[in-house]
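Data file: target_2.cif. Format and content: mmCIF, C-alpha atoms and all ligand atoms.
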data_protein
loop_
_atom_site.label_atom_id
_atom_site.label_comp_id
_atom_site.auth_asym_id
_atom_site.auth_seq_id
_atom_site.Cartn_x
_atom_site.Cartn_y
_atom_site.Cartn_z
CA MET O 1 7.38 -13.53 -16.11
CA LYS O 2 7.65 -15.23 -12.72
CA LEU O 3 8.30 -12.77 -9.90
CA VAL O 4 9.48 -13.88 -6.46
CA GLN O 5 10.19 -12.03 -3.24
CA PHE O 6 13.16 -13.12 -1.19
CA TYR O 7 14.75 -12.28 2.12
CA GLU O 8 18.46 -11.61 2.43
CA PRO O 9 20.21 -11.10 5.78
CA GLY O 10 20.74 -7.38 6.29
CA GLN O 11 18.01 -6.47 3.83
CA GLU O 12 14.24 -6.66 4.41
CA SER O 13 13.18 -8.04 1.06
CA GLY O 14 14.15 -8.15 -2.58
CA VAL O 15 12.40 -8.94 -5.85
CA GLY O 16 13.69 -11.42 -8.39
CA ILE O 17 12.74 -12.93 -11.71
CA PHE O 18 12.67 -16.70 -11.65
CA GLN O 19 13.79 -18.26 -14.93
CA ASP O 20 15.73 -21.39 -15.88
CA ASP O 21 16.29 -22.43 -12.24
CA GLN O 22 17.88 -19.03 -11.56
CA VAL O 23 16.62 -15.93 -9.75
CA ILE O 24 17.76 -12.63 -11.25
CA ASP O 25 18.02 -9.98 -8.54
CA LEU O 26 16.18 -6.83 -9.66
CA SER O 27 17.80 -4.59 -7.04
CA GLU O 28 20.59 -3.51 -9.43
CA VAL O 29 18.12 -2.77 -12.21
CA MET O 30 15.45 -1.09 -10.07
CA PRO O 31 17.09 -0.01 -6.77
CA GLU O 32 13.88 1.71 -5.60
CA VAL O 33 11.89 -1.53 -5.76
CA GLU O 34 12.05 -3.74 -2.67
CA THR O 35 8.76 -5.59 -2.97
CA VAL O 36 6.37 -6.79 -5.63
CA ASN O 37 3.93 -4.31 -4.05
CA ASP O 38 6.37 -1.51 -5.04
CA LEU O 39 6.48 -2.89 -8.58
CA LEU O 40 2.71 -2.93 -8.71
CA TYR O 41 2.44 0.73 -7.65
CA VAL O 42 5.11 1.85 -10.13
CA SER O 43 3.57 -0.14 -12.97
CA GLY O 44 0.10 1.27 -12.16
CA ALA O 45 1.42 4.85 -12.16
CA ALA O 46 3.35 4.25 -15.39
CA ARG O 47 0.35 2.50 -17.00
CA LEU O 48 2.51 -0.48 -17.86
CA SER O 49 1.99 -4.13 -17.08
CA LEU O 50 4.34 -5.67 -14.52
CA SER O 51 6.35 -7.48 -17.17
CA GLU O 52 6.53 -4.43 -19.48
CA LEU O 53 7.89 -2.36 -16.60
CA VAL O 54 10.53 -4.93 -15.63
CA GLU O 55 11.53 -5.66 -19.23
CA ARG O 56 12.01 -1.92 -19.95
CA ALA O 57 14.15 -1.48 -16.86
CA MET O 58 16.25 -4.50 -17.80
CA ASN O 59 16.72 -3.25 -21.35
CA ASP O 60 17.87 0.15 -20.05
CA TYR O 61 20.31 -1.40 -17.59
CA GLU O 62 23.86 -1.46 -18.80
CA GLY O 63 25.53 -3.58 -16.11
CA GLN O 64 25.81 -7.30 -15.67
CA LEU O 65 22.78 -8.87 -13.98
CA THR O 66 23.52 -11.09 -11.02
CA GLY O 67 21.56 -14.17 -10.16
CA PHE O 68 21.52 -17.08 -7.79
CA SER O 69 20.02 -20.52 -7.94
CA TYR O 70 16.33 -20.87 -7.06
CA GLU O 71 17.22 -24.02 -5.13
CA SER O 72 19.49 -22.04 -2.80
CA ILE O 73 16.57 -19.86 -1.59
CA ASP O 74 13.84 -22.53 -1.66
CA VAL O 75 14.72 -23.37 1.95
CA THR O 76 13.25 -23.13 5.45
CA PRO O 77 12.98 -19.44 6.40
CA ASP O 78 15.63 -18.39 8.89
CA VAL O 79 16.92 -14.87 9.62
CA GLY O 80 20.45 -16.05 8.92
CA VAL O 81 19.91 -17.31 5.38
CA PRO O 82 18.44 -15.98 2.13
CA HIS O 83 15.04 -17.53 1.47
CA LEU O 84 11.84 -17.14 -0.53
CA MET O 85 9.02 -15.06 0.94
CA VAL O 86 5.36 -14.70 -0.03
CA PRO O 87 5.24 -13.43 -3.65
CA ILE O 88 3.36 -10.30 -2.55
CA PHE O 89 2.59 -8.71 0.84
CA SER O 90 -1.10 -8.76 0.25
CA PRO O 91 -3.01 -6.17 2.30
CA GLU O 92 -6.10 -8.36 2.00
CA VAL O 93 -6.68 -11.92 0.91
CA TRP O 94 -10.25 -12.81 -0.04
CA GLY O 95 -11.57 -16.28 -0.73
CA PHE O 96 -14.40 -17.66 -2.81
CA GLY O 97 -15.97 -21.00 -1.95
CA VAL O 98 -17.97 -23.85 -3.45
CA THR O 99 -16.81 -22.83 -6.90
CA TYR O 100 -16.22 -26.49 -7.86
CA LYS O 101 -19.08 -29.03 -7.93
CA ARG O 102 -16.95 -31.50 -5.98
CA SER O 103 -16.59 -29.02 -3.15
CA ALA O 104 -20.36 -28.29 -2.97
CA GLU O 105 -21.32 -31.98 -2.98
CA PHE O 106 -18.79 -32.99 -0.38
CA ARG O 107 -19.67 -30.20 2.03
CA ASP O 108 -23.42 -30.84 1.76
CA ASP O 109 -23.02 -34.62 2.30
CA ASP O 110 -20.98 -33.86 5.28
CA ALA O 111 -23.21 -31.24 6.80
CA GLN O 112 -26.40 -33.15 5.77
CA GLN O 113 -27.91 -29.97 4.41
CA ASN O 114 -27.90 -28.32 1.02
CA ILE O 115 -26.71 -24.80 1.77
CA TYR O 116 -23.57 -25.39 -0.29
CA ASP O 117 -25.45 -26.60 -3.35
CA GLN O 118 -27.81 -23.62 -3.04
CA VAL O 119 -24.82 -21.27 -3.19
CA TYR O 120 -23.21 -23.30 -5.97
CA GLN O 121 -26.41 -22.79 -8.03
CA SER O 122 -27.02 -19.15 -7.03
CA ASP O 123 -25.94 -16.04 -8.88
CA ARG O 124 -24.28 -14.72 -5.73
CA PRO O 125 -21.09 -16.65 -4.94
CA GLU O 126 -19.77 -17.37 -1.47
CA SER O 127 -17.01 -14.92 -0.59
CA PHE O 128 -15.19 -14.41 2.66
CA PHE O 129 -12.35 -12.38 4.07
CA LYS O 130 -9.42 -14.76 4.41
CA ALA O 131 -6.25 -13.08 5.63
CA THR O 132 -3.93 -10.12 5.90
CA ALA O 133 -0.22 -10.18 5.03
CA SER O 134 0.76 -11.01 8.61
CA ARG O 135 -1.38 -14.18 8.56
CA CYS O 136 0.16 -15.48 5.32
CA SER O 137 3.07 -17.87 5.05
CA GLY O 138 5.44 -18.00 2.11
CA PRO O 139 7.13 -21.10 0.69
CA ASN O 140 8.52 -23.49 3.33
CA ALA O 141 7.07 -21.45 6.23
CA PRO O 142 4.62 -23.16 8.58
CA ILE O 143 0.89 -23.30 8.00
CA CYS O 144 -1.02 -23.75 11.21
CA VAL O 145 -3.71 -25.86 12.85
CA ARG O 146 -5.45 -23.78 15.47
CA SER O 147 -5.34 -25.08 19.02
CA ASP O 148 -9.12 -25.58 19.23
CA SER O 149 -9.45 -27.56 15.98
CA SER O 150 -9.23 -31.32 15.66
CA PHE O 151 -9.80 -31.38 11.89
CA THR O 152 -8.08 -28.75 9.82
CA ALA O 153 -7.84 -29.38 6.08
CA THR O 154 -5.69 -28.13 3.28
CA GLU O 155 -7.52 -26.37 0.41
CA PRO O 156 -5.25 -26.02 -2.66
CA GLU O 157 -6.44 -23.17 -4.86
CA LEU O 158 -5.50 -20.95 -7.75
CA ALA O 159 -5.35 -17.31 -6.64
CA TYR O 160 -5.15 -14.12 -8.64
CA VAL O 161 -3.62 -10.77 -7.73
CA LEU O 162 -5.43 -7.48 -8.36
CA GLY O 163 -3.99 -4.23 -9.66
CA ASP O 164 -5.21 -0.72 -8.86
CA GLU O 165 -8.01 -0.81 -11.40
CA GLY O 166 -9.30 -4.24 -10.48
CA GLU O 167 -7.42 -5.93 -13.29
CA ILE O 168 -5.78 -9.32 -12.77
CA VAL O 169 -2.04 -8.70 -12.83
CA GLY O 170 -0.92 -12.23 -12.02
CA TYR O 171 -1.56 -15.61 -10.50
CA THR O 172 -0.18 -17.61 -7.61
CA LEU O 173 -1.07 -20.67 -5.54
CA CYS O 174 -2.95 -20.42 -2.27
CA ASN O 175 -3.48 -22.90 0.52
CA ASP O 176 -6.78 -21.83 2.09
CA VAL O 177 -6.10 -23.83 5.28
CA SER O 178 -9.46 -24.22 7.06
CA ALA O 179 -10.66 -25.66 10.37
CA TRP O 180 -13.42 -27.83 8.89
CA ASP O 181 -14.61 -29.13 12.27
CA ILE O 182 -15.30 -25.56 13.39
CA GLU O 183 -17.17 -24.50 10.25
CA ARG O 184 -19.11 -27.79 10.23
CA SER O 185 -20.34 -27.32 13.77
CA ASN O 186 -22.16 -24.16 12.65
CA PRO O 187 -21.82 -22.17 9.38
CA LEU O 188 -21.74 -18.96 11.46
CA TYR O 189 -18.31 -20.07 12.66
CA LEU O 190 -16.84 -19.78 9.14
CA ASN O 191 -14.63 -16.82 10.08
CA GLN O 192 -13.05 -18.79 12.87
CA SER O 193 -12.39 -21.68 10.51
CA LYS O 194 -10.77 -19.43 7.95
CA ILE O 195 -8.93 -16.59 9.73
CA TYR O 196 -6.20 -17.11 12.31
CA GLN O 197 -2.41 -17.09 12.53
CA GLY O 198 -0.81 -19.12 9.70
CA CYS O 199 -4.15 -19.83 7.98
CA CYS O 200 -2.94 -19.08 4.47
CA ALA O 201 0.05 -19.95 2.33
CA LEU O 202 0.90 -18.11 -0.89
CA GLY O 203 3.53 -18.74 -3.55
CA PRO O 204 5.99 -19.65 -4.73
CA ALA O 205 5.85 -16.99 -7.46
CA LEU O 206 3.54 -14.36 -8.86
CA VAL O 207 3.21 -15.34 -12.52
CA THR O 208 2.28 -12.29 -14.53
CA ALA O 209 -1.06 -12.45 -16.34
CA ASP O 210 0.55 -12.24 -19.80
CA GLU O 211 2.44 -15.45 -19.12
CA ILE O 212 -0.67 -17.54 -18.49
CA ASP O 213 -2.21 -18.61 -21.82
CA ASP O 214 -5.46 -19.81 -20.28
CA PRO O 215 -6.19 -19.33 -16.57
CA TYR O 216 -9.11 -21.74 -16.98
CA ASP O 217 -6.75 -24.55 -17.85
CA ILE O 218 -4.36 -24.71 -14.94
CA ASP O 219 -3.54 -28.05 -13.36
CA ILE O 220 -3.26 -28.04 -9.59
CA HIS O 221 -1.82 -31.02 -7.81
CA CYS O 222 -1.59 -31.58 -4.08
CA ARG O 223 0.38 -34.06 -2.04
CA ILE O 224 0.52 -34.45 1.72
CA LEU O 225 3.62 -36.10 3.17
CA ARG O 226 3.63 -37.62 6.65
CA ASP O 227 6.81 -39.23 8.01
CA ASP O 228 8.23 -39.15 4.45
CA ALA O 229 5.27 -41.16 3.08
CA VAL O 230 2.63 -39.75 0.72
CA VAL O 231 -0.68 -39.95 2.63
CA PHE O 232 -2.78 -37.98 0.13
CA GLU O 233 -2.65 -37.02 -3.52
CA GLY O 234 -5.30 -35.12 -5.42
CA GLU O 235 -5.68 -32.95 -8.47
CA ALA O 236 -8.00 -30.49 -10.15
CA ASN O 237 -7.99 -28.26 -13.19
CA THR O 238 -9.37 -24.71 -13.23
CA SER O 239 -11.55 -25.71 -16.22
CA GLN O 240 -13.78 -27.30 -13.51
CA LEU O 241 -14.46 -23.90 -11.95
CA ALA O 242 -18.15 -23.02 -12.14
CA ARG O 243 -17.53 -19.26 -12.12
CA SER O 244 -15.40 -16.85 -14.10
CA PHE O 245 -12.97 -14.47 -12.43
CA ASP O 246 -14.93 -11.52 -13.87
CA GLU O 247 -17.98 -12.83 -12.04
CA LEU O 248 -16.05 -13.19 -8.77
CA ASN O 249 -14.59 -9.69 -9.16
CA GLU O 250 -17.98 -8.21 -9.91
CA TYR O 251 -19.22 -9.37 -6.48
CA LEU O 252 -15.96 -8.60 -4.69
CA TYR O 253 -15.94 -4.96 -5.81
CA ARG O 254 -19.64 -4.29 -5.13
CA ASP O 255 -19.65 -1.36 -2.70
CA ASN O 256 -16.29 -2.56 -1.45
CA LEU O 257 -12.90 -0.82 -1.65
CA ILE O 258 -10.29 -3.39 -2.59
CA PRO O 259 -6.67 -2.35 -2.10
CA THR O 260 -4.03 -2.80 -4.82
CA GLY O 261 -2.25 -6.12 -4.38
CA THR O 262 -5.26 -7.95 -2.98
CA VAL O 263 -5.06 -11.71 -3.52
CA VAL O 264 -8.26 -13.58 -4.39
CA SER O 265 -8.33 -17.32 -3.86
CA THR O 266 -10.76 -19.00 -6.22
CA GLY O 267 -11.90 -22.07 -4.25
CA THR O 268 -10.76 -25.64 -3.97
CA GLY O 269 -11.38 -28.46 -6.39
CA ILE O 270 -9.27 -30.84 -4.33
CA ILE O 271 -11.06 -32.30 -1.33
CA VAL O 272 -9.16 -34.29 1.27
CA PRO O 273 -10.98 -37.22 2.89
CA ASN O 274 -12.41 -36.93 6.38
CA ASP O 275 -9.56 -38.88 7.95
CA LEU O 276 -6.90 -36.55 6.61
CA GLY O 277 -6.79 -33.63 8.95
CA LEU O 278 -3.41 -31.90 9.01
CA ARG O 279 -0.96 -32.93 11.72
CA GLU O 280 2.18 -31.34 13.14
CA ASP O 281 5.14 -31.87 10.77
CA ASP O 282 3.05 -32.93 7.76
CA ILE O 283 4.33 -31.32 4.58
CA VAL O 284 1.72 -29.99 2.15
CA MET O 285 2.92 -29.56 -1.43
CA ILE O 286 0.74 -27.76 -3.97
CA ALA O 287 2.10 -27.75 -7.50
CA SER O 288 1.13 -26.30 -10.82
CA PRO O 289 3.23 -26.57 -14.00
CA GLN O 290 2.65 -22.88 -14.77
CA ILE O 291 3.30 -21.53 -11.26
CA GLY O 292 5.66 -23.84 -9.38
CA VAL O 293 5.60 -25.75 -6.10
CA LEU O 294 4.34 -24.30 -2.83
CA SER O 295 5.51 -26.47 0.04
CA ASN O 296 4.72 -25.83 3.70
CA PRO O 297 5.22 -27.76 6.91
CA VAL O 298 2.33 -27.95 9.37
CA GLN O 299 2.53 -26.53 12.86
CA GLN O 300 0.03 -27.34 15.60
CA LEU O 301 -0.65 -24.18 17.60
O1 LIG A 1 -17.86 -22.43 3.23
C1 LIG A 1 -17.01 -23.14 2.83
C2 LIG A 1 -15.73 -22.70 2.29
C3 LIG A 1 -15.54 -23.09 0.88
C4 LIG A 1 -14.15 -22.95 0.38
O2 LIG A 1 -13.29 -22.35 0.96
C5 LIG A 1 -13.83 -23.57 -0.93
O3 LIG A 1 -14.72 -24.13 -1.60
O4 LIG A 1 -12.68 -23.53 -1.30
MG MG A 2 -11.30 -22.65 0.02
#

What's the C-alpha cells form of this structure?
Ligand code: DO4
Ligand code: MG
Amino acid sequence: MKLVQFYEPGQESGVGIFQDDQVIDLSEVMPEVETVNDLLYVSGAARLSLSELVERAMNDYEGQLTGFSYESIDVTPDVGVPHLMVPIFSPEVWGFGVTYKRSAEFRDDDAQQNIYDQVYQSDRPESFFKATASRCSGPNAPICVRSDSSFTATEPELAYVLGDEGEIVGYTLCNDVSAWDIERSNPLYLNQSKIYQGCCALGPALVTADEIDDPYDIDIHCRILRDDAVVFEGEANTSQLARSFDELNEYLYRDNLIPTGTVVSTGTGIIVPNDLGLREDDIVMIASPQIGVLSNPVQQL
C-alpha cells in the first residue's frame, strides 16, 4: 500500500492511498486519522501493520470512497491549492553514510585521506542526525543550498520508516542534500553540511513494508534538470548497499531512544561529479519504480 499525506485548504493534512493514478481519501473511512503518524500510533496500539489497519477500516466502511487524481495534487505547494506533503512528519531523520563502495571511494579521493574507506570497512557504520520534520520538504517543495556553501550536492537515498518497536513499517525516498564543500573543509563540520533549513526531501509516498518484495533490490534513479535540460543522470540499486538495515538499526538503537515515525536514510550510491553543485531553480528528480518520483526545485538561501 502506498500512503501519501496531502494538504487541503481549510484542513491541515489528510492521508490517502495512492493507487492507479488516484488518491483515495481516508478521512471518510478513518475520520480520527489526519496524518500517517496517527496511523502509525493506531496500528502500533492495535498490533496491526499499517496496511492491515487501513484494509480493515476500508472493509468496514459502508459508504462510497472518494478519490482524486494524483496528478492534481502533485503540484507546487501553495496554501490555496491541495498538494502532496511529506509522507510522514518525522520527529527525527537519521542518516547513514558511506554504505556504498562508490561513495567511500569518491569521498576519499576527494579528501585525499582514507577515513571514509576505514568506516566503510569497519563494523561501526557512520551515522548522523539529519533533520527534524520542520527541516524536511515534501514533493515539489524547495530543497535548499545554504548561504555559506558554494558546492551543495544531492544525495538520492532509500529511506525506511520505523514503528514503535523498531520494526521497519515502510520505505520512502530521501534526498540527503549536503554541503560537500563544508564537510570537505573539515570532517568536524559534518553537522553543518547536513543539518539546516530545507536540507532534506522525503516522498512522494510511504510504501508499506509488505508491498516491497525485496528492499535490497530497489532501483533508484536521479536526474537534475537545469533550464529544462538534463545536466546529470545517475542510478544505483540497493543490492549495492554494504550493510543490512538490521545492522544499521542495531547501531541506531544502541543506548538511544528513537521515536516512532523516525526516518532512516540509508546512504547514497549515486555520486554527482564535482562540477554539479546544485543551483537556484535546478529541479532534482529521484525516482524508484516501487516508490514513485520525488521532485524538488532548488532554492539558494
Ligand atoms: O560523511 C559523509 C556523508 C556520507 C553520506 O551521507 C552518504 O554516503 O550518503
Ligand atoms: Mg547521504

Inset, instruction - Would you mind telling me which residue in O:Leu188, O:Val29, O:Val298, O:Ala141 lies nearest to ligand LIG 1 (chain A) when using only C-alpha atoms and all ligand atoms? - result: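 Of the candidates, the smallest distance to ligand LIG 1 (chain A) is held by O:Leu188.
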
Hey, could you make a per-residue contact list for chain O against ligand MG 2 (chain A) with 9 Å as the cut-off, showing the nearest pair of atoms and its distance in Å to one decimal, counting only C-alpha atoms and all ligand atoms, sorted by chain and number, as a Markdown table?
| residue | atom | partner | partner_atom | distance |
| --- | --- | --- | --- | --- |
| O:Gly95 | CA | A:MG2 | MG | 6.4 |
| O:Phe96 | CA | A:MG2 | MG | 6.5 |
| O:Gly97 | CA | A:MG2 | MG | 5.3 |
| O:Val98 | CA | A:MG2 | MG | 7.6 |
| O:Thr99 | CA | A:MG2 | MG | 8.8 |
| O:Ser103 | CA | A:MG2 | MG | 8.9 |
| O:Thr154 | CA | A:MG2 | MG | 8.5 |
| O:Glu155 | CA | A:MG2 | MG | 5.3 |
| O:Pro156 | CA | A:MG2 | MG | 7.4 |
| O:Glu157 | CA | A:MG2 | MG | 6.9 |
| O:Cys174 | CA | A:MG2 | MG | 8.9 |
| O:Asn175 | CA | A:MG2 | MG | 7.8 |
| O:Asp176 | CA | A:MG2 | MG | 5.0 |
| O:Val177 | CA | A:MG2 | MG | 7.5 |
| O:Ser178 | CA | A:MG2 | MG | 7.4 |
| O:Lys194 | CA | A:MG2 | MG | 8.6 |
| O:Ser265 | CA | A:MG2 | MG | 7.2 |
| O:Thr266 | CA | A:MG2 | MG | 7.2 |
| O:Gly267 | CA | A:MG2 | MG | 4.4 |
| O:Thr268 | CA | A:MG2 | MG | 5.0 |
| O:Gly269 | CA | A:MG2 | MG | 8.7 |

What would the list of residues within 12 Å of (-11.4, -12.7, 5.3) (file frame) look like as a PDB file with C-alpha atoms, in the frame of the given file, if all atoms listed in the file are what count?
ATOM      1  CA  PRO O  91      -3.010  -6.170   2.300  1.00  0.00           C
ATOM      2  CA  GLU O  92      -6.100  -8.360   2.000  1.00  0.00           C
ATOM      3  CA  VAL O  93      -6.680 -11.920   0.910  1.00  0.00           C
ATOM      4  CA  TRP O  94     -10.250 -12.810  -0.040  1.00  0.00           C
ATOM      5  CA  GLY O  95     -11.570 -16.280  -0.730  1.00  0.00           C
ATOM      6  CA  PHE O  96     -14.400 -17.660  -2.810  1.00  0.00           C
ATOM      7  CA  GLY O  97     -15.970 -21.000  -1.950  1.00  0.00           C
ATOM      8  CA  GLU O 126     -19.770 -17.370  -1.470  1.00  0.00           C
ATOM      9  CA  SER O 127     -17.010 -14.920  -0.590  1.00  0.00           C
ATOM     10  CA  PHE O 128     -15.190 -14.410   2.660  1.00  0.00           C
ATOM     11  CA  PHE O 129     -12.350 -12.380   4.070  1.00  0.00           C
ATOM     12  CA  LYS O 130      -9.420 -14.760   4.410  1.00  0.00           C
ATOM     13  CA  ALA O 131      -6.250 -13.080   5.630  1.00  0.00           C
ATOM     14  CA  THR O 132      -3.930 -10.120   5.900  1.00  0.00           C
ATOM     15  CA  ALA O 133      -0.220 -10.180   5.030  1.00  0.00           C
ATOM     16  CA  ARG O 135      -1.380 -14.180   8.560  1.00  0.00           C
ATOM     17  CA  CYS O 136       0.160 -15.480   5.320  1.00  0.00           C
ATOM     18  CA  ASP O 176      -6.780 -21.830   2.090  1.00  0.00           C
ATOM     19  CA  SER O 178      -9.460 -24.220   7.060  1.00  0.00           C
ATOM     20  CA  LEU O 190     -16.840 -19.780   9.140  1.00  0.00           C
ATOM     21  CA  ASN O 191     -14.630 -16.820  10.080  1.00  0.00           C
ATOM     22  CA  GLN O 192     -13.050 -18.790  12.870  1.00  0.00           C
ATOM     23  CA  SER O 193     -12.390 -21.680  10.510  1.00  0.00           C
ATOM     24  CA  LYS O 194     -10.770 -19.430   7.950  1.00  0.00           C
ATOM     25  CA  ILE O 195      -8.930 -16.590   9.730  1.00  0.00           C
ATOM     26  CA  TYR O 196      -6.200 -17.110  12.310  1.00  0.00           C
ATOM     27  CA  CYS O 199      -4.150 -19.830   7.980  1.00  0.00           C
ATOM     28  CA  CYS O 200      -2.940 -19.080   4.470  1.00  0.00           C
ATOM     29  CA  LEU O 252     -15.960  -8.600  -4.690  1.00  0.00           C
ATOM     30  CA  THR O 262      -5.260  -7.950  -2.980  1.00  0.00           C
ATOM     31  CA  VAL O 263      -5.060 -11.710  -3.520  1.00  0.00           C
ATOM     32  CA  VAL O 264      -8.260 -13.580  -4.390  1.00  0.00           C
ATOM     33  CA  SER O 265      -8.330 -17.320  -3.860  1.00  0.00           C
TER      34      SER O 265
END

Legend entry - Gap from atom CA of Thr66 of chain O to atom CA of Thr172 of chain O - Å, one decimal: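 Straight-line distance from atom CA of Thr66 of chain O to atom CA of Thr172 of chain O works out to 24.8 Å.
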
Inset, instruction - Work out how far apart atom CA of Pro142 of chain O and atom CA of Leu301 of chain O are and give it in Å to one decimal. - result: 10.5 Å

Inset, instruction - Mind checking which residues fall within 10 Å of Pro215 of chain O, counting all atoms listed in the file, ignoring those fewer than 2 positions away in the same chain, and posting them as a VMD selection string? - result: chain O and resid 158 160 170 to 171 209 211 to 213 217 to 219 237 to 239 244 to 245 290

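Of the listed residues O:Ile182, O:Val75, O:Cys144, O:Leu48, the one whose atoms come nearest to ligand LIG 1 (chain A) is O:Ile182, with distances taken using only C-alpha atoms and all ligand atoms.
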
Report, as JSON, the axis-aligned box around all atoms of ligand LIG 1 (chain A) present in the file, extended by 8 Å on each side; give centre and edge lengths in Å to one decimal place.
{"center_x": -15.3, "center_y": -23.2, "center_z": 0.8, "size_x": 21.2, "size_y": 17.8, "size_z": 20.8}

Legend entry - Best match for closeness to Leu276 of chain O among O:Ile224, O:Leu206, O:Leu173, O:Leu26, counting only C-alpha atoms: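 Under the stated criterion, the closest residue is O:Ile224.
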
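Closest approach to ligand LIG 1 (chain A) among O:Ile115, O:Leu257, O:Met285, O:Val86: O:Ile115, based on all atoms listed in the file.
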
Legend entry - Separation of atom CA of Arg223 of chain O from atom CA of Asn140 of chain O in Å: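 These atoms are spaced 14.4 Å apart.
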
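Across O:Leu84, O:Ala242, O:Val169, O:Ile283, the tightest approach to Ala229 of chain O is made by O:Ile283 when counting only C-alpha atoms.
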
Inset, instruction - Using all atoms listed in the file, find the one residue out of O:Gly166, O:Pro273, O:Gly198, O:Pro204 that sits nearest to Gln5 of chain O. - result: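 Distance minimum relative to Gln5 of chain O lands on O:Pro204.
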
Inset, instruction - Show which residues sit within 7 Å of Lys2 of chain O, as a PyMOL selection string. Count all atoms listed in the file, and ignore same-chain residues fewer than 4 positions away. - result: chain O and resi 17-18+205-208

Inset, instruction - Pick out the residues sitting within 9 Å of Asp181 of chain O, and hand them over as a PyMOL selection string; count only C-alpha atoms, and ignore anything fewer than 4 positions along from it in its own chain. - result: chain O and resi 149-152+185+193

Will you model all heavy atoms for segment 146-151 of chain O and pass it back as a PDB file, in the frame of the given file?
ATOM      1  N   ARG O 146      -5.180 -24.530  14.246  1.00  0.00           N
ATOM      2  CA  ARG O 146      -5.450 -23.780  15.470  1.00  0.00           C
ATOM      3  C   ARG O 146      -5.657 -24.725  16.648  1.00  0.00           C
ATOM      4  O   ARG O 146      -6.050 -25.889  16.465  1.00  0.00           O
ATOM      5  CB  ARG O 146      -6.598 -22.767  15.282  1.00  0.00           C
ATOM      6  CG  ARG O 146      -7.847 -23.270  14.637  1.00  0.00           C
ATOM      7  CD  ARG O 146      -8.859 -22.150  14.445  1.00  0.00           C
ATOM      8  NE  ARG O 146      -9.322 -21.634  15.725  1.00  0.00           N
ATOM      9  CZ  ARG O 146      -9.931 -20.462  15.905  1.00  0.00           C
ATOM     10  NH1 ARG O 146     -10.180 -19.679  14.862  1.00  0.00           N
ATOM     11  NH2 ARG O 146     -10.318 -20.069  17.084  1.00  0.00           N
ATOM     12  N   SER O 147      -5.401 -24.209  17.841  1.00  0.00           N
ATOM     13  CA  SER O 147      -5.340 -25.080  19.020  1.00  0.00           C
ATOM     14  C   SER O 147      -6.699 -25.683  19.368  1.00  0.00           C
ATOM     15  O   SER O 147      -6.766 -26.722  20.011  1.00  0.00           O
ATOM     16  CB  SER O 147      -4.774 -24.309  20.211  1.00  0.00           C
ATOM     17  OG  SER O 147      -5.531 -23.147  20.406  1.00  0.00           O
ATOM     18  N   ASP O 148      -7.803 -25.038  18.900  1.00  0.00           N
ATOM     19  CA  ASP O 148      -9.120 -25.580  19.230  1.00  0.00           C
ATOM     20  C   ASP O 148      -9.744 -26.347  18.069  1.00  0.00           C
ATOM     21  O   ASP O 148     -10.951 -26.563  18.035  1.00  0.00           O
ATOM     22  CB  ASP O 148     -10.068 -24.464  19.696  1.00  0.00           C
ATOM     23  CG  ASP O 148     -10.174 -23.339  18.667  1.00  0.00           C
ATOM     24  OD1 ASP O 148      -9.512 -23.422  17.616  1.00  0.00           O
ATOM     25  OD2 ASP O 148     -10.930 -22.372  18.906  1.00  0.00           O
ATOM     26  N   SER O 149      -8.913 -26.776  17.094  1.00  0.00           N
ATOM     27  CA  SER O 149      -9.450 -27.560  15.980  1.00  0.00           C
ATOM     28  C   SER O 149      -8.874 -28.969  15.990  1.00  0.00           C
ATOM     29  O   SER O 149      -7.665 -29.150  16.160  1.00  0.00           O
ATOM     30  CB  SER O 149      -9.107 -26.893  14.646  1.00  0.00           C
ATOM     31  OG  SER O 149      -9.373 -27.768  13.572  1.00  0.00           O
ATOM     32  N   SER O 150      -9.749 -29.958  15.761  1.00  0.00           N
ATOM     33  CA  SER O 150      -9.230 -31.320  15.660  1.00  0.00           C
ATOM     34  C   SER O 150      -9.300 -31.826  14.218  1.00  0.00           C
ATOM     35  O   SER O 150      -8.929 -32.951  13.930  1.00  0.00           O
ATOM     36  CB  SER O 150      -9.997 -32.259  16.592  1.00  0.00           C
ATOM     37  OG  SER O 150     -11.370 -32.118  16.320  1.00  0.00           O
ATOM     38  N   PHE O 151      -9.819 -30.984  13.295  1.00  0.00           N
ATOM     39  CA  PHE O 151      -9.800 -31.380  11.890  1.00  0.00           C
ATOM     40  C   PHE O 151      -9.637 -30.151  10.992  1.00  0.00           C
ATOM     41  O   PHE O 151     -10.605 -29.495  10.624  1.00  0.00           O
ATOM     42  CB  PHE O 151     -11.070 -32.152  11.509  1.00  0.00           C
ATOM     43  CG  PHE O 151     -11.073 -32.606  10.063  1.00  0.00           C
ATOM     44  CD1 PHE O 151      -9.887 -32.805   9.368  1.00  0.00           C
ATOM     45  CD2 PHE O 151     -12.258 -32.843   9.390  1.00  0.00           C
ATOM     46  CE1 PHE O 151      -9.870 -33.221   8.045  1.00  0.00           C
ATOM     47  CE2 PHE O 151     -12.266 -33.255   8.056  1.00  0.00           C
ATOM     48  CZ  PHE O 151     -11.068 -33.444   7.398  1.00  0.00           C
TER      49      PHE O 151
END
